[in-house]
Amino acid sequence: MKIVLSWERTRLMHIPDGFLTPPVWAALDAGAIPAVGYFLRRTQENFEQSRVPLLGVLGAFVFAAQMINFPIWTGTSGHLVGGALLALTLGPSAAVVVMTAILVVQALVFQDGGLLALGANVVNMAIIGVWAGYLPAKWLGRRAGSRRVAAFVGGWLSLMAGALFASIELWASQVAPAGALFASMLGIHALTGLAEGAITAASLAAIERLNPGFVYAGLGNPPRKASQIETGDPLARQAAAGE
Amino acid sequence: MAHGIAKTVRFFAIVTALLVLLGVLLASSMPDGLERIAETLGFAGRAEHGAAAWSPFAGYEAAFVESSWLAQVAAGALGVALLWGLGALLGTTLKKRGEG
């Protein structure tokens, strides 16, 4: 078996500079900065103290997982993005902030994703990707039976929504004809999304085994007892905070 | 640290270490979705790599390490450390809420 050593050339995992025209990247940079600021404030106000250790380890895990490409189609690979995973473990606001930190480090240190295009990548993966990954679980995931389905759907939808926004940005920048662009972007990410959904569901299942009742605490579950809010139960508190 | 959180942190720390140490050996070197599409539809050449090309870790490979595996492990370890640090930093900026 040939062991493939990757990254022999500059990788292009996220949108690099040069793909988007100035009006497109400038508008997305301008929109992303206040949006991330808003989610940062929400995180600072609502994030449960007992979950703080997860901020570092899950950011590190998602960064490492994004480095590992797996084959999805002849001559094409995919990798975890992790928006749904972060959203369902940290809550969507903190997930936006952590994913933004990942994208900033990747652009500044590893030359993955453009600096001018950083706003576009943040909008696609940290804002749209995180919220698209979160909403199915918010709507479907309250009962134990539907949680795994919701995590899988969230992972898949997270990639598709991000790919849709990236396609719109690329189309607005007139890089390619709309039909071919949308069909190929959504087609490939529909496949990669299956792996994203599976990894998201498996990761959350692992957390649920290690720490029952923890993963979905923010998904609107009613407090089991009113007293848990006062006693600092993270599940009850986050539900009460609507985070 | 609550007991359950400690277990979850340990689990993800171990998986992260394995990804950095071993995952890079098994990773596919095929282009990913966006790169593939950019090549197929003919706009890959528009990519500009100027802004962060100064980084010795550009392309997830430490330029000063000879072995390709070690170069990637070094880059991965740096990224992991940075993200862990930023997460911890974010944790210190949280507002303390009512004591329960």
# chains A, B, ... in the order shown; residues from 1 in each chain; ligands from 1
$ select_by_dssp --residues "stretch 14-206 of chain A" --states "alpha helix (DSSP H)" --output "ChimeraX atom specification"
/A:22-46,52-67,83-90,92-109,118-121,129-140,144-172,178-206
$ residues_around --residues "A:Pro22" --least-positions-apart "5" --cutoff "9 Å" --atoms "only C-alpha atoms" --output "ChimeraX atom specification"
/A:27,116,173
$ write_last_selection --atoms "N, CA and C atoms" --output "short mmCIF file (atom, residue, chain, number, x, y, z; two decimals), in the first residue's frame"
data_model
loop_
_atom_site.label_atom_id
_atom_site.label_comp_id
_atom_site.auth_asym_id
_atom_site.auth_seq_id
_atom_site.Cartn_x
_atom_site.Cartn_y
_atom_site.Cartn_z
N ALA A 27 -18.12 43.03 0.93
CA ALA A 27 -19.43 42.99 1.59
C ALA A 27 -19.45 41.91 2.66
N LEU A 116 -8.42 38.30 2.44
CA LEU A 116 -9.54 39.14 2.00
C LEU A 116 -10.82 38.31 1.95
N SER A 173 -19.20 36.45 -8.39
CA SER A 173 -17.88 36.87 -8.84
C SER A 173 -17.59 36.41 -10.27
#
$ interface_residues --of "chain B" --to "chain A" --cutoff "6 Å" --atoms "only C-alpha atoms" --output "list in words"
Gly4, Thr16, Leu25, Ala27, Ser28, Ser29, Met30, Pro31, Asp32, Glu35, Arg46, Ala47, Glu48, Ala52, Ser55, Phe57, Ala58, Gly59, Tyr60, Val80, Leu83, Trp84, Gly87, Ala88, Gly91, Leu94, Lys95 and Gly100 of chain B
$ write_last_selection --atoms "C-alpha atoms" --output "short mmCIF file (atom, residue, chain, number, x, y, z; two decimals), in the first residue's frame"
data_model
loop_
_atom_site.label_atom_id
_atom_site.label_comp_id
_atom_site.auth_asym_id
_atom_site.auth_seq_id
_atom_site.Cartn_x
_atom_site.Cartn_y
_atom_site.Cartn_z
CA GLY B 4 -18.06 13.91 32.72
CA THR B 16 -6.91 14.93 18.19
CA LEU B 25 -0.08 9.72 6.91
CA ALA B 27 -4.91 11.59 4.38
CA SER B 28 -5.90 11.67 0.74
CA SER B 29 -3.83 14.02 -1.38
CA MET B 30 -6.62 14.37 -3.92
CA PRO B 31 -8.01 17.88 -4.30
CA ASP B 32 -11.04 18.63 -2.16
CA GLU B 35 -10.31 22.76 -5.52
CA ARG B 46 -7.32 32.88 -10.12
CA ALA B 47 -6.10 31.82 -6.66
CA GLU B 48 -3.60 34.22 -5.13
CA ALA B 52 0.25 34.55 4.18
CA SER B 55 4.37 31.82 7.10
CA PHE B 57 3.78 26.76 8.20
CA ALA B 58 2.04 27.59 4.90
CA GLY B 59 0.26 24.60 3.42
CA TYR B 60 0.20 22.77 6.79
CA VAL B 80 -3.90 22.40 17.84
CA LEU B 83 -6.81 26.66 18.93
CA TRP B 84 -6.64 25.18 22.41
CA GLY B 87 -10.45 28.43 23.40
CA ALA B 88 -8.97 28.80 26.88
CA GLY B 91 -13.11 30.92 28.49
CA LEU B 94 -16.88 34.87 30.02
CA LYS B 95 -18.99 36.95 32.35
CA GLY B 100 -25.99 29.01 42.41
#
$ residues_around --residues "A:Leu204" --least-positions-apart "6" --cutoff "10 Å" --atoms "only C-alpha atoms" --output "ChimeraX atom specification"
/A:85-86,88-89,147-148,151-152,198,210,214-216
$ write_last_selection --atoms "N, CA and C atoms" --output "tab-separated table (two decimals), in the first residue's frame"
chain	number	residue	atom	x	y	z
A	85	LEU	N	-21.06	19.85	14.57
A	85	LEU	CA	-20.48	19.25	15.77
A	85	LEU	C	-20.24	20.32	16.84
A	86	LEU	N	-19.67	21.44	16.44
A	86	LEU	CA	-19.42	22.51	17.41
A	86	LEU	C	-20.74	23.08	17.92
A	88	LEU	N	-23.63	21.69	18.26
A	88	LEU	CA	-24.39	20.80	19.13
A	88	LEU	C	-23.66	20.48	20.44
A	89	THR	N	-22.41	20.89	20.53
A	89	THR	CA	-21.68	20.66	21.78
A	89	THR	C	-21.46	21.94	22.56
A	147	ARG	N	-32.48	12.28	18.01
A	147	ARG	CA	-31.29	13.11	18.16
A	147	ARG	C	-30.18	12.73	17.17
A	148	ARG	N	-29.99	11.42	17.00
A	148	ARG	CA	-28.90	11.01	16.10
A	148	ARG	C	-29.25	11.36	14.67
A	151	ALA	N	-28.60	14.96	14.32
A	151	ALA	CA	-27.16	15.27	14.25
A	151	ALA	C	-26.63	14.96	12.85
A	152	PHE	N	-27.09	13.84	12.30
A	152	PHE	CA	-26.67	13.48	10.94
A	152	PHE	C	-27.17	14.50	9.93
A	198	ALA	N	-22.27	11.63	9.34
A	198	ALA	CA	-21.91	10.42	10.07
A	198	ALA	C	-20.91	10.73	11.19
A	210	LEU	N	-20.10	9.31	27.24
A	210	LEU	CA	-19.16	9.74	28.27
A	210	LEU	C	-19.84	10.63	29.30
A	214	PHE	N	-25.57	15.57	28.19
A	214	PHE	CA	-24.77	16.78	28.09
A	214	PHE	C	-24.87	17.43	26.72
A	215	VAL	N	-24.85	16.60	25.68
A	215	VAL	CA	-24.71	17.12	24.32
A	215	VAL	C	-25.82	18.08	23.95
A	216	TYR	N	-27.02	17.66	24.24
A	216	TYR	CA	-28.15	18.41	23.69
A	216	TYR	C	-28.74	19.37	24.70
$ select_by_dssp --residues "stretch 9-195 of chain A" --states "strand (DSSP E)" --output "number ranges by chain"
A: 70-73, 76-78
$ write_last_selection --atoms "N, CA and C atoms" --output "JSON list (two decimals), in the first residue's frame"
[["chain", "number", "residue", "atom", "x", "y", "z"],
["A", 70, "PHE", "N", -10.29, 12.76, 3.18],
["A", 70, "PHE", "CA", -10.60, 11.37, 2.83],
["A", 70, "PHE", "C", -11.21, 11.35, 1.43],
["A", 71, "PRO", "N", -10.99, 10.24, 0.69],
["A", 71, "PRO", "CA", -11.51, 10.20, -0.68],
["A", 71, "PRO", "C", -13.03, 10.12, -0.68],
["A", 72, "ILE", "N", -13.69, 10.89, -1.55],
["A", 72, "ILE", "CA", -15.15, 10.78, -1.64],
["A", 72, "ILE", "C", -15.61, 10.40, -3.04],
["A", 73, "TRP", "N", -14.77, 10.62, -4.01],
["A", 73, "TRP", "CA", -15.18, 10.42, -5.40],
["A", 73, "TRP", "C", -13.91, 10.26, -6.19],
["A", 76, "THR", "N", -11.33, 13.06, -6.05],
["A", 76, "THR", "CA", -11.77, 14.16, -5.20],
["A", 76, "THR", "C", -11.81, 13.71, -3.75],
["A", 77, "SER", "N", -11.45, 14.61, -2.86],
["A", 77, "SER", "CA", -11.47, 14.27, -1.43],
["A", 77, "SER", "C", -12.37, 15.26, -0.69],
["A", 78, "GLY", "N", -12.67, 14.90, 0.53],
["A", 78, "GLY", "CA", -13.44, 15.79, 1.39],
["A", 78, "GLY", "C", -12.85, 15.75, 2.78]]
$ atom_distance --atom1 "atom CA of A:Ala172" --atom2 "atom CA of B:His49"
21.4 Å
